[in-house]
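The block underneath contains the structure these notes are about, expressed in C-alpha cells.
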Amino acid sequence: MGERFVMKCGGSTLAALPDSFFSDLKRLQERGDCPVIVHGGGPAISATLDRLGIESEFVDGLRKTSEEVLDVVEMVLAGRINKEIVRRIQRAGARALGLSGTDGMLIRTKPAAQADKIGFVGEVTHVDAQLIDGIVNLGYIPVIAPIGIGEEGQRYNINADTAAGAVASHLGASRLIVVTDVPGILKKIGSETVVLPEVTVSEMEAMIASGDIYGGMIPKVRAAAQSILGNVREVVIVNGAEPEVLSRVLGGEAIGTRILRG
C-alpha cells in the first residue's frame, strides 16, 4: 500500500479546480496511495444564507452557528458540495464515497470554547479511523463533510481546516495537504509579497499576533499546527491550480508552504 494522506479543500476552491487535478488524484489512487478528503464550503453557505434572508456573522474566523444556520450548513456541505466533489472524482474515473461526520458517528464533537458567542460550533474529540480505513479498503476515496455529532446527538458545525487536522491526526496520516487558491502562506517583505517556503508553529503564532496572518487564514494555520503537533509528519499549504500539485507534494518537491514542528 502507498501513502495515506488527508487533503483539505474549500468548496469554492474545488469548484474552480481543473479536471487535471482530479486525474492526478485518480493516478495516485491507482498506484496505491490512499487519499482522504475533508472539504469546506464557506462561500456557498454564505450565499445560501443570504438568499434565505438568514443573518450570519463570524467570530475570530469561525461562523456563529444557530440551529437555523446549522440547517443550512448541513444542507450545503453534506448535500450539495459533498456530492459535487464525489461526482467530479467519479467523472475522472476514480471511486469516491461521500459522508458527513455524523454518519456512523464518524466525527464526535463537543461544544467549542466560547460556545455562548459562536453557538453550535464543535471541537473534535474523536475520529473513527476504522470506519475511514474500511471505506479506503473497499477501494473508495472518502469525501467527508465537516459536520460533527455530540454524545447527546446534537449536530455541530466544525471548521473544515480543524476537522481535516483532526482526521489526519487520528488516522496517523503522514501528511495533511491543504489545497487553496493561494500559493501558500504569504508575507509582505518590503514592497514585495512572498510565499514562505517553511514556517514553524511558533513563527505562525507570532505572525498571527503581528497581524501578518489574519481572518480565515487563522483557523487554517492553527489546524495545521494542531496536526503537526499530533501524529502528522508534515502539513503543506498549496495552490490547487498548480499542475499535478498532489503528485509533486508526495514526490517531495518544494512547493507551497511547509508547516514544521519547530
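Lettering and numbering for the C-alpha cells are positional, with chains as A, B, ... in the shown order, residues counted from 1 in each chain, and ligands counted from 1 in the shown order.
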Problem set entry | Test item: residues at most 12 Å from region 248-252 of chain A, only C-alpha atoms, excluding those fewer than 6 positions along its chain, as number ranges by chain | A: 2-7, 21, 24-25, 28, 33-35, 174-179, 234-240, 242, 258
Could the residues in this selection be saved with N, CA and C atoms as a PDB file, in the first residue's frame?
```pdb
ATOM      1  N   GLY A   2       0.436   2.281  -0.720  1.00  0.00           N
ATOM      2  CA  GLY A   2       1.194   3.521  -0.807  1.00  0.00           C
ATOM      3  C   GLY A   2       0.952   4.417   0.390  1.00  0.00           C
ATOM      4  N   GLU A   3       1.100   5.690   0.175  1.00  0.00           N
ATOM      5  CA  GLU A   3       0.999   6.650   1.264  1.00  0.00           C
ATOM      6  C   GLU A   3      -0.450   7.036   1.542  1.00  0.00           C
ATOM      7  N   ARG A   4      -0.792   7.096   2.821  1.00  0.00           N
ATOM      8  CA  ARG A   4      -2.099   7.587   3.228  1.00  0.00           C
ATOM      9  C   ARG A   4      -1.950   9.064   3.584  1.00  0.00           C
ATOM     10  N   PHE A   5      -2.766   9.900   2.963  1.00  0.00           N
ATOM     11  CA  PHE A   5      -2.692  11.328   3.268  1.00  0.00           C
ATOM     12  C   PHE A   5      -4.090  11.921   3.277  1.00  0.00           C
ATOM     13  N   VAL A   6      -4.229  13.022   4.005  1.00  0.00           N
ATOM     14  CA  VAL A   6      -5.500  13.742   4.075  1.00  0.00           C
ATOM     15  C   VAL A   6      -5.352  15.029   3.290  1.00  0.00           C
ATOM     16  N   MET A   7      -6.360  15.323   2.481  1.00  0.00           N
ATOM     17  CA  MET A   7      -6.393  16.550   1.700  1.00  0.00           C
ATOM     18  C   MET A   7      -7.588  17.371   2.137  1.00  0.00           C
ATOM     19  N   PHE A  21      -6.632  18.109 -12.037  1.00  0.00           N
ATOM     20  CA  PHE A  21      -6.420  17.867 -10.608  1.00  0.00           C
ATOM     21  C   PHE A  21      -7.016  16.522 -10.209  1.00  0.00           C
ATOM     22  N   ASP A  24      -5.087  13.610 -11.600  1.00  0.00           N
ATOM     23  CA  ASP A  24      -3.914  13.371 -10.760  1.00  0.00           C
ATOM     24  C   ASP A  24      -4.314  12.564  -9.528  1.00  0.00           C
ATOM     25  N   LEU A  25      -5.453  12.906  -8.927  1.00  0.00           N
ATOM     26  CA  LEU A  25      -5.958  12.179  -7.762  1.00  0.00           C
ATOM     27  C   LEU A  25      -6.228  10.717  -8.123  1.00  0.00           C
ATOM     28  N   LEU A  28      -2.961   8.766  -8.362  1.00  0.00           N
ATOM     29  CA  LEU A  28      -2.416   8.460  -7.040  1.00  0.00           C
ATOM     30  C   LEU A  28      -3.138   7.261  -6.428  1.00  0.00           C
ATOM     31  N   ASP A  33      -1.727   4.853  -3.431  1.00  0.00           N
ATOM     32  CA  ASP A  33      -1.844   5.854  -2.372  1.00  0.00           C
ATOM     33  C   ASP A  33      -3.287   5.908  -1.872  1.00  0.00           C
ATOM     34  N   CYS A  34      -3.477   6.411  -0.655  1.00  0.00           N
ATOM     35  CA  CYS A  34      -4.802   6.406  -0.031  1.00  0.00           C
ATOM     36  C   CYS A  34      -5.211   7.815   0.369  1.00  0.00           C
ATOM     37  N   PRO A  35      -5.784   8.580  -0.555  1.00  0.00           N
ATOM     38  CA  PRO A  35      -6.239   9.924  -0.202  1.00  0.00           C
ATOM     39  C   PRO A  35      -7.547   9.902   0.579  1.00  0.00           C
ATOM     40  N   SER A 174       0.528  10.529   7.212  1.00  0.00           N
ATOM     41  CA  SER A 174       1.857  11.139   7.190  1.00  0.00           C
ATOM     42  C   SER A 174       1.816  12.598   6.786  1.00  0.00           C
ATOM     43  N   ARG A 175       0.813  12.969   5.961  1.00  0.00           N
ATOM     44  CA  ARG A 175       0.724  14.359   5.507  1.00  0.00           C
ATOM     45  C   ARG A 175      -0.715  14.854   5.518  1.00  0.00           C
ATOM     46  N   LEU A 176      -0.823  16.145   5.759  1.00  0.00           N
ATOM     47  CA  LEU A 176      -2.071  16.878   5.520  1.00  0.00           C
ATOM     48  C   LEU A 176      -1.749  17.907   4.452  1.00  0.00           C
ATOM     49  N   ILE A 177      -2.443  17.815   3.329  1.00  0.00           N
ATOM     50  CA  ILE A 177      -2.254  18.767   2.238  1.00  0.00           C
ATOM     51  C   ILE A 177      -3.465  19.685   2.203  1.00  0.00           C
ATOM     52  N   VAL A 178      -3.235  20.969   2.429  1.00  0.00           N
ATOM     53  CA  VAL A 178      -4.304  21.963   2.424  1.00  0.00           C
ATOM     54  C   VAL A 178      -4.305  22.632   1.051  1.00  0.00           C
ATOM     55  N   VAL A 179      -5.316  22.335   0.241  1.00  0.00           N
ATOM     56  CA  VAL A 179      -5.409  22.849  -1.122  1.00  0.00           C
ATOM     57  C   VAL A 179      -6.237  24.128  -1.104  1.00  0.00           C
ATOM     58  N   GLU A 234       3.956  16.141   8.336  1.00  0.00           N
ATOM     59  CA  GLU A 234       4.137  17.329   7.513  1.00  0.00           C
ATOM     60  C   GLU A 234       2.781  17.882   7.084  1.00  0.00           C
ATOM     61  N   VAL A 235       2.648  19.198   7.136  1.00  0.00           N
ATOM     62  CA  VAL A 235       1.467  19.878   6.612  1.00  0.00           C
ATOM     63  C   VAL A 235       1.936  20.825   5.520  1.00  0.00           C
ATOM     64  N   VAL A 236       1.274  20.757   4.361  1.00  0.00           N
ATOM     65  CA  VAL A 236       1.665  21.590   3.230  1.00  0.00           C
ATOM     66  C   VAL A 236       0.457  22.369   2.728  1.00  0.00           C
ATOM     67  N   ILE A 237       0.619  23.681   2.570  1.00  0.00           N
ATOM     68  CA  ILE A 237      -0.435  24.529   2.005  1.00  0.00           C
ATOM     69  C   ILE A 237      -0.045  24.857   0.578  1.00  0.00           C
ATOM     70  N   VAL A 238      -0.897  24.500  -0.404  1.00  0.00           N
ATOM     71  CA  VAL A 238      -0.548  24.658  -1.813  1.00  0.00           C
ATOM     72  C   VAL A 238      -1.715  25.239  -2.605  1.00  0.00           C
ATOM     73  N   ASN A 239      -1.398  25.728  -3.794  1.00  0.00           N
ATOM     74  CA  ASN A 239      -2.400  26.197  -4.747  1.00  0.00           C
ATOM     75  C   ASN A 239      -2.838  25.016  -5.608  1.00  0.00           C
ATOM     76  N   GLY A 240      -4.131  24.685  -5.552  1.00  0.00           N
ATOM     77  CA  GLY A 240      -4.638  23.530  -6.285  1.00  0.00           C
ATOM     78  C   GLY A 240      -4.590  23.664  -7.792  1.00  0.00           C
ATOM     79  N   GLU A 242      -1.979  24.504  -9.460  1.00  0.00           N
ATOM     80  CA  GLU A 242      -0.656  24.093  -9.934  1.00  0.00           C
ATOM     81  C   GLU A 242      -0.761  22.718 -10.597  1.00  0.00           C
ATOM     82  N   ARG A 258       5.473  24.648   3.729  1.00  0.00           N
ATOM     83  CA  ARG A 258       5.531  23.508   4.629  1.00  0.00           C
ATOM     84  C   ARG A 258       5.455  24.002   6.071  1.00  0.00           C
TER      85      ARG A 258
END
```
Problem set entry | Contact residues around region 76-85 of chain A with only C-alpha atoms at 7 Å, ignoring same-chain residues under 6 positions, as a list in words |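 So, after excluding close chain neighbours, the residues are Gly11, Gly40, Gly41, Ile45, Gly98, Leu99, Ser100, Val143 and Ala145 of chain A.
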How would the residues just chosen look if you wrote them out with all heavy atoms as a PDB file, in the first residue's frame?
```pdb
ATOM      1  N   GLY A  11     -14.860  24.343  -0.637  1.00  0.00           N
ATOM      2  CA  GLY A  11     -15.817  24.051  -1.704  1.00  0.00           C
ATOM      3  C   GLY A  11     -15.631  24.930  -2.914  1.00  0.00           C
ATOM      4  O   GLY A  11     -15.687  24.458  -4.060  1.00  0.00           O
ATOM      5  N   GLY A  40     -14.626  21.973   2.802  1.00  0.00           N
ATOM      6  CA  GLY A  40     -15.427  23.049   3.371  1.00  0.00           C
ATOM      7  C   GLY A  40     -16.457  23.516   2.365  1.00  0.00           C
ATOM      8  O   GLY A  40     -16.842  22.780   1.464  1.00  0.00           O
ATOM      9  N   GLY A  41     -16.878  24.773   2.523  1.00  0.00           N
ATOM     10  CA  GLY A  41     -17.878  25.334   1.612  1.00  0.00           C
ATOM     11  C   GLY A  41     -18.421  26.655   2.105  1.00  0.00           C
ATOM     12  O   GLY A  41     -19.604  26.954   1.913  1.00  0.00           O
ATOM     13  N   ILE A  45     -22.203  28.444   1.630  1.00  0.00           N
ATOM     14  CA  ILE A  45     -23.076  28.573   2.803  1.00  0.00           C
ATOM     15  C   ILE A  45     -23.537  30.016   2.944  1.00  0.00           C
ATOM     16  O   ILE A  45     -24.731  30.290   3.145  1.00  0.00           O
ATOM     17  CB  ILE A  45     -22.332  28.108   4.076  1.00  0.00           C
ATOM     18  CG1 ILE A  45     -22.071  26.608   4.025  1.00  0.00           C
ATOM     19  CG2 ILE A  45     -23.139  28.475   5.321  1.00  0.00           C
ATOM     20  CD1 ILE A  45     -21.122  26.115   5.102  1.00  0.00           C
ATOM     21  N   GLY A  98     -19.153   9.682  -0.409  1.00  0.00           N
ATOM     22  CA  GLY A  98     -19.346  10.889   0.378  1.00  0.00           C
ATOM     23  C   GLY A  98     -20.125  10.632   1.658  1.00  0.00           C
ATOM     24  O   GLY A  98     -21.089   9.849   1.666  1.00  0.00           O
ATOM     25  N   LEU A  99     -19.699  11.276   2.722  1.00  0.00           N
ATOM     26  CA  LEU A  99     -20.387  11.164   4.005  1.00  0.00           C
ATOM     27  C   LEU A  99     -20.063  12.381   4.860  1.00  0.00           C
ATOM     28  O   LEU A  99     -19.170  13.163   4.528  1.00  0.00           O
ATOM     29  CB  LEU A  99     -20.001   9.881   4.745  1.00  0.00           C
ATOM     30  CG  LEU A  99     -18.562   9.712   5.249  1.00  0.00           C
ATOM     31  CD1 LEU A  99     -18.497   8.544   6.234  1.00  0.00           C
ATOM     32  CD2 LEU A  99     -17.586   9.427   4.116  1.00  0.00           C
ATOM     33  N   SER A 100     -20.812  12.550   5.925  1.00  0.00           N
ATOM     34  CA  SER A 100     -20.504  13.625   6.863  1.00  0.00           C
ATOM     35  C   SER A 100     -20.026  13.016   8.168  1.00  0.00           C
ATOM     36  O   SER A 100     -20.113  11.795   8.372  1.00  0.00           O
ATOM     37  CB  SER A 100     -21.737  14.508   7.115  1.00  0.00           C
ATOM     38  OG  SER A 100     -22.598  13.912   8.065  1.00  0.00           O
ATOM     39  N   VAL A 143     -14.890  11.114   1.111  1.00  0.00           N
ATOM     40  CA  VAL A 143     -15.080  12.561   0.974  1.00  0.00           C
ATOM     41  C   VAL A 143     -15.952  12.987   2.147  1.00  0.00           C
ATOM     42  O   VAL A 143     -17.130  12.627   2.211  1.00  0.00           O
ATOM     43  CB  VAL A 143     -15.735  12.926  -0.368  1.00  0.00           C
ATOM     44  CG1 VAL A 143     -15.907  14.437  -0.483  1.00  0.00           C
ATOM     45  CG2 VAL A 143     -14.913  12.390  -1.541  1.00  0.00           C
ATOM     46  N   ALA A 145     -17.717  15.642   4.841  1.00  0.00           N
ATOM     47  CA  ALA A 145     -18.229  16.973   5.160  1.00  0.00           C
ATOM     48  C   ALA A 145     -18.074  17.206   6.666  1.00  0.00           C
ATOM     49  O   ALA A 145     -18.413  16.330   7.464  1.00  0.00           O
ATOM     50  CB  ALA A 145     -19.701  17.093   4.769  1.00  0.00           C
TER      51      ALA A 145
END
```
Problem set entry | Within 9 Å of Leu70 (chain A) using only C-alpha atoms, minus same-chain residues under 4 positions, as a PyMOL selection string | chain A and resi 65-66+74-75+120+155-157
For this session: Can you work out which one of A:Asp212, A:Glu152, A:Asp19, A:Glu68 has the shortest atom-to-atom distance to Glu55 (chain A), counting only C-alpha atoms?
Result: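 Among A:Asp212, A:Glu152, A:Asp19, A:Glu68, it is A:Glu68 that comes nearest to Glu55 (chain A).
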Exercise. So which bits of region 15-203 of chain A end up strand (DSSP E) when you DSSP the backbone, as an MDAnalysis selection string?
Worked result: chainID A and resid 34:39 58:59 62:63 96:100 107:111 122:127 141:145 147:150 155:157 175:180 186:189 192:195 198:200
Exercise. Which is closer to Arg63 (chain A) than all the others in A:Asn159, A:Ser247, A:Thr102, A:Ser210, using only C-alpha atoms?
Worked result: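 Among A:Asn159, A:Ser247, A:Thr102, A:Ser210, it is A:Asn159 that comes nearest to Arg63 (chain A).
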Problem set entry | Shell of 9 Å around region 129-133 of chain A, only C-alpha atoms, local chain residues under 2 positions omitted, as number ranges by chain | A: 36, 104, 106, 126-127, 135-138, 142, 167, 170-172
Residue set, region 20-245 of chain A restricted to helix (DSSP H, G or I), as a compact mmCIF listing (two decimals) with N, CA and C atoms, in the first residue's frame:
```txt
# COMPACT_ATOMS: atom_id res chain seq x y z
N SER A 20 -7.71 18.22 -14.59
CA SER A 20 -6.41 17.56 -14.42
C SER A 20 -6.10 17.28 -12.96
N PHE A 21 -6.63 18.11 -12.04
CA PHE A 21 -6.42 17.87 -10.61
C PHE A 21 -7.02 16.52 -10.21
N PHE A 22 -8.22 16.24 -10.69
CA PHE A 22 -8.90 15.00 -10.34
C PHE A 22 -8.29 13.80 -11.07
N SER A 23 -7.73 14.05 -12.25
CA SER A 23 -7.00 12.99 -12.94
C SER A 23 -5.75 12.60 -12.16
N ASP A 24 -5.09 13.61 -11.60
CA ASP A 24 -3.91 13.37 -10.76
C ASP A 24 -4.31 12.56 -9.53
N LEU A 25 -5.45 12.91 -8.93
CA LEU A 25 -5.96 12.18 -7.76
C LEU A 25 -6.23 10.72 -8.12
N LYS A 26 -6.79 10.50 -9.30
CA LYS A 26 -7.06 9.13 -9.76
C LYS A 26 -5.77 8.33 -9.90
N ARG A 27 -4.73 8.96 -10.50
CA ARG A 27 -3.45 8.27 -10.68
C ARG A 27 -2.84 7.88 -9.34
N LEU A 28 -2.96 8.77 -8.36
CA LEU A 28 -2.42 8.46 -7.04
C LEU A 28 -3.14 7.26 -6.43
N GLN A 29 -4.47 7.23 -6.56
CA GLN A 29 -5.22 6.09 -6.03
C GLN A 29 -4.83 4.80 -6.76
N GLU A 30 -4.67 4.88 -8.07
CA GLU A 30 -4.34 3.69 -8.86
C GLU A 30 -2.97 3.12 -8.51
N GLY A 42 -17.56 27.45 2.74
CA GLY A 42 -17.99 28.70 3.34
C GLY A 42 -18.72 29.66 2.42
N PRO A 43 -18.16 29.98 1.23
CA PRO A 43 -18.86 30.91 0.35
C PRO A 43 -20.24 30.43 -0.09
N ALA A 44 -20.39 29.13 -0.35
CA ALA A 44 -21.69 28.59 -0.75
C ALA A 44 -22.68 28.67 0.41
N ILE A 45 -22.20 28.44 1.63
CA ILE A 45 -23.08 28.57 2.80
C ILE A 45 -23.54 30.02 2.94
N SER A 46 -22.59 30.95 2.82
CA SER A 46 -22.93 32.38 2.95
C SER A 46 -23.95 32.80 1.90
N ALA A 47 -23.74 32.35 0.65
CA ALA A 47 -24.65 32.72 -0.43
C ALA A 47 -26.06 32.17 -0.18
N THR A 48 -26.14 30.93 0.33
CA THR A 48 -27.44 30.33 0.61
C THR A 48 -28.13 31.03 1.77
N LEU A 49 -27.38 31.37 2.80
CA LEU A 49 -27.95 32.11 3.93
C LEU A 49 -28.50 33.45 3.48
N ASP A 50 -27.74 34.12 2.59
CA ASP A 50 -28.20 35.42 2.06
C ASP A 50 -29.51 35.27 1.30
N ARG A 51 -29.60 34.24 0.46
CA ARG A 51 -30.82 34.01 -0.33
C ARG A 51 -32.02 33.75 0.57
N LEU A 52 -31.76 33.08 1.69
CA LEU A 52 -32.84 32.74 2.61
C LEU A 52 -33.12 33.84 3.63
N GLU A 67 -29.19 27.05 15.37
CA GLU A 67 -29.83 25.87 14.77
C GLU A 67 -30.29 26.18 13.35
N GLU A 68 -30.79 27.39 13.12
CA GLU A 68 -31.26 27.79 11.79
C GLU A 68 -30.10 27.81 10.81
N VAL A 69 -28.98 28.38 11.24
CA VAL A 69 -27.78 28.39 10.38
C VAL A 69 -27.26 26.97 10.17
N LEU A 70 -27.32 26.16 11.22
CA LEU A 70 -26.83 24.78 11.14
C LEU A 70 -27.60 23.96 10.11
N ASP A 71 -28.90 24.20 9.99
CA ASP A 71 -29.69 23.51 8.96
C ASP A 71 -29.12 23.80 7.57
N VAL A 72 -28.78 25.05 7.33
CA VAL A 72 -28.23 25.44 6.03
C VAL A 72 -26.84 24.88 5.84
N VAL A 73 -26.01 24.95 6.88
CA VAL A 73 -24.65 24.41 6.81
C VAL A 73 -24.67 22.93 6.42
N GLU A 74 -25.54 22.16 7.08
CA GLU A 74 -25.61 20.73 6.79
C GLU A 74 -26.14 20.49 5.37
N MET A 75 -27.15 21.24 4.97
CA MET A 75 -27.73 21.08 3.64
C MET A 75 -26.68 21.35 2.56
N VAL A 76 -25.92 22.43 2.71
CA VAL A 76 -24.96 22.82 1.69
C VAL A 76 -23.74 21.90 1.70
N LEU A 77 -23.19 21.63 2.89
CA LEU A 77 -21.97 20.83 2.97
C LEU A 77 -22.22 19.35 2.68
N ALA A 78 -23.12 18.74 3.48
CA ALA A 78 -23.33 17.30 3.36
C ALA A 78 -24.17 16.93 2.15
N GLY A 79 -24.96 17.89 1.66
CA GLY A 79 -25.79 17.64 0.49
C GLY A 79 -25.11 18.05 -0.79
N ARG A 80 -25.18 19.33 -1.09
CA ARG A 80 -24.74 19.80 -2.40
C ARG A 80 -23.24 19.63 -2.66
N ILE A 81 -22.40 20.21 -1.81
CA ILE A 81 -20.96 20.24 -2.12
C ILE A 81 -20.34 18.85 -2.04
N ASN A 82 -20.70 18.09 -1.02
CA ASN A 82 -20.15 16.75 -0.88
C ASN A 82 -20.40 15.91 -2.13
N LYS A 83 -21.61 15.99 -2.65
CA LYS A 83 -21.95 15.17 -3.81
C LYS A 83 -21.34 15.73 -5.10
N GLU A 84 -21.15 17.05 -5.16
CA GLU A 84 -20.45 17.62 -6.31
C GLU A 84 -19.02 17.09 -6.39
N ILE A 85 -18.35 17.01 -5.25
CA ILE A 85 -16.97 16.50 -5.22
C ILE A 85 -16.94 15.04 -5.62
N VAL A 86 -17.86 14.25 -5.07
CA VAL A 86 -17.92 12.83 -5.41
C VAL A 86 -18.11 12.66 -6.92
N ARG A 87 -19.01 13.46 -7.50
CA ARG A 87 -19.26 13.34 -8.95
C ARG A 87 -18.02 13.69 -9.76
N ARG A 88 -17.29 14.73 -9.35
CA ARG A 88 -16.10 15.13 -10.10
C ARG A 88 -15.01 14.05 -10.03
N ILE A 89 -14.86 13.44 -8.87
CA ILE A 89 -13.88 12.36 -8.73
C ILE A 89 -14.27 11.18 -9.61
N GLN A 90 -15.55 10.83 -9.59
CA GLN A 90 -16.00 9.69 -10.38
C GLN A 90 -15.94 9.98 -11.87
N ARG A 91 -16.15 11.24 -12.26
CA ARG A 91 -16.03 11.61 -13.66
C ARG A 91 -14.60 11.40 -14.17
N ASP A 103 -22.37 10.57 10.08
CA ASP A 103 -22.62 9.21 9.60
C ASP A 103 -21.74 8.22 10.36
N GLY A 104 -22.37 7.24 10.99
CA GLY A 104 -21.62 6.27 11.78
C GLY A 104 -20.90 6.90 12.96
N MET A 105 -21.33 8.11 13.34
CA MET A 105 -20.64 8.87 14.39
C MET A 105 -19.15 8.98 14.07
N ALA A 115 -18.73 28.87 23.38
CA ALA A 115 -19.99 28.43 22.77
C ALA A 115 -21.08 29.48 22.91
N ASP A 116 -21.01 30.28 23.97
CA ASP A 116 -22.01 31.32 24.16
C ASP A 116 -21.92 32.40 23.09
N LYS A 117 -20.74 32.51 22.44
CA LYS A 117 -20.54 33.52 21.40
C LYS A 117 -20.69 32.95 20.00
N ILE A 118 -20.36 31.66 19.82
CA ILE A 118 -20.33 31.11 18.46
C ILE A 118 -21.37 30.02 18.22
N ALA A 129 -11.27 6.15 12.96
CA ALA A 129 -10.31 5.81 11.91
C ALA A 129 -10.64 4.48 11.25
N GLN A 130 -11.24 3.54 12.01
CA GLN A 130 -11.58 2.24 11.44
C GLN A 130 -12.62 2.37 10.34
N LEU A 131 -13.57 3.27 10.53
CA LEU A 131 -14.60 3.48 9.51
C LEU A 131 -13.97 4.02 8.23
N ILE A 132 -13.06 4.99 8.37
CA ILE A 132 -12.37 5.55 7.19
C ILE A 132 -11.53 4.47 6.52
N ASP A 133 -10.80 3.69 7.31
CA ASP A 133 -9.98 2.61 6.74
C ASP A 133 -10.84 1.60 5.98
N GLY A 134 -12.03 1.31 6.52
CA GLY A 134 -12.92 0.37 5.84
C GLY A 134 -13.34 0.86 4.47
N ILE A 135 -13.63 2.16 4.36
CA ILE A 135 -14.01 2.75 3.07
C ILE A 135 -12.83 2.69 2.10
N VAL A 136 -11.64 3.04 2.60
CA VAL A 136 -10.44 3.00 1.76
C VAL A 136 -10.17 1.58 1.28
N ASN A 137 -10.30 0.60 2.16
CA ASN A 137 -10.02 -0.79 1.80
C ASN A 137 -11.01 -1.34 0.79
N ALA A 160 -13.67 23.46 8.66
CA ALA A 160 -13.15 22.38 7.81
C ALA A 160 -11.66 22.15 8.02
N ASP A 161 -10.90 23.22 8.26
CA ASP A 161 -9.46 23.06 8.49
C ASP A 161 -9.21 22.30 9.79
N THR A 162 -10.00 22.64 10.81
CA THR A 162 -9.87 21.95 12.09
C THR A 162 -10.26 20.48 11.94
N ALA A 163 -11.35 20.22 11.21
CA ALA A 163 -11.78 18.84 11.00
C ALA A 163 -10.73 18.04 10.25
N ALA A 164 -10.14 18.63 9.22
CA ALA A 164 -9.11 17.93 8.44
C ALA A 164 -7.90 17.61 9.30
N GLY A 165 -7.50 18.56 10.15
CA GLY A 165 -6.38 18.31 11.04
C GLY A 165 -6.66 17.17 11.99
N ALA A 166 -7.88 17.12 12.53
CA ALA A 166 -8.25 16.05 13.45
C ALA A 166 -8.30 14.70 12.75
N VAL A 167 -8.86 14.67 11.54
CA VAL A 167 -8.91 13.42 10.77
C VAL A 167 -7.50 12.91 10.49
N ALA A 168 -6.62 13.81 10.06
CA ALA A 168 -5.24 13.41 9.76
C ALA A 168 -4.54 12.87 11.00
N SER A 169 -4.73 13.55 12.13
CA SER A 169 -4.06 13.13 13.35
C SER A 169 -4.56 11.78 13.84
N HIS A 170 -5.89 11.58 13.83
CA HIS A 170 -6.45 10.31 14.30
C HIS A 170 -6.13 9.16 13.36
N LEU A 171 -5.99 9.46 12.07
CA LEU A 171 -5.63 8.42 11.10
C LEU A 171 -4.15 8.05 11.17
N VAL A 201 5.60 26.32 13.96
CA VAL A 201 4.38 26.63 14.70
C VAL A 201 4.54 27.93 15.47
N SER A 202 5.68 28.12 16.12
CA SER A 202 5.89 29.34 16.90
C SER A 202 5.95 30.57 16.00
N GLU A 203 6.53 30.43 14.81
CA GLU A 203 6.57 31.56 13.87
C GLU A 203 5.16 31.93 13.40
N MET A 204 4.30 30.91 13.20
CA MET A 204 2.92 31.18 12.79
C MET A 204 2.19 31.97 13.86
N GLU A 205 2.35 31.58 15.12
CA GLU A 205 1.67 32.29 16.20
C GLU A 205 2.15 33.74 16.28
N ALA A 206 3.44 33.95 16.05
CA ALA A 206 3.97 35.32 16.06
C ALA A 206 3.38 36.14 14.92
N MET A 207 3.17 35.50 13.76
CA MET A 207 2.59 36.20 12.61
C MET A 207 1.11 36.50 12.84
N ILE A 208 0.41 35.64 13.57
CA ILE A 208 -0.97 35.93 13.93
C ILE A 208 -1.02 37.13 14.87
N ALA A 209 -0.12 37.13 15.85
CA ALA A 209 -0.08 38.23 16.82
C ALA A 209 0.25 39.56 16.15
N SER A 210 1.11 39.51 15.12
CA SER A 210 1.53 40.74 14.45
C SER A 210 0.54 41.20 13.38
N MET A 217 -7.55 32.78 7.49
CA MET A 217 -6.30 32.04 7.47
C MET A 217 -5.90 31.58 8.87
N ILE A 218 -6.42 32.23 9.91
CA ILE A 218 -6.03 31.88 11.29
C ILE A 218 -6.42 30.44 11.63
N PRO A 219 -7.72 30.03 11.49
CA PRO A 219 -8.04 28.63 11.79
C PRO A 219 -7.32 27.65 10.86
N LYS A 220 -7.02 28.08 9.63
CA LYS A 220 -6.30 27.21 8.69
C LYS A 220 -4.92 26.85 9.22
N VAL A 221 -4.15 27.87 9.63
CA VAL A 221 -2.79 27.59 10.09
C VAL A 221 -2.79 26.98 11.49
N ARG A 222 -3.79 27.33 12.31
CA ARG A 222 -3.86 26.71 13.65
C ARG A 222 -4.22 25.23 13.55
N ALA A 223 -5.08 24.88 12.60
CA ALA A 223 -5.38 23.47 12.39
C ALA A 223 -4.13 22.74 11.93
N ALA A 224 -3.35 23.39 11.07
CA ALA A 224 -2.08 22.80 10.64
C ALA A 224 -1.17 22.59 11.84
N ALA A 225 -1.14 23.56 12.73
CA ALA A 225 -0.30 23.45 13.92
C ALA A 225 -0.75 22.29 14.81
N GLN A 226 -2.07 22.14 14.98
CA GLN A 226 -2.58 21.04 15.79
C GLN A 226 -2.20 19.70 15.19
N SER A 227 -2.21 19.61 13.86
CA SER A 227 -1.87 18.36 13.19
C SER A 227 -0.40 18.03 13.35
N ILE A 228 0.44 19.01 13.15
CA ILE A 228 1.88 18.77 13.19
C ILE A 228 2.33 18.42 14.60
N VAL A 245 -0.26 19.01 -8.65
CA VAL A 245 0.25 19.50 -7.37
C VAL A 245 0.31 18.39 -6.31
```
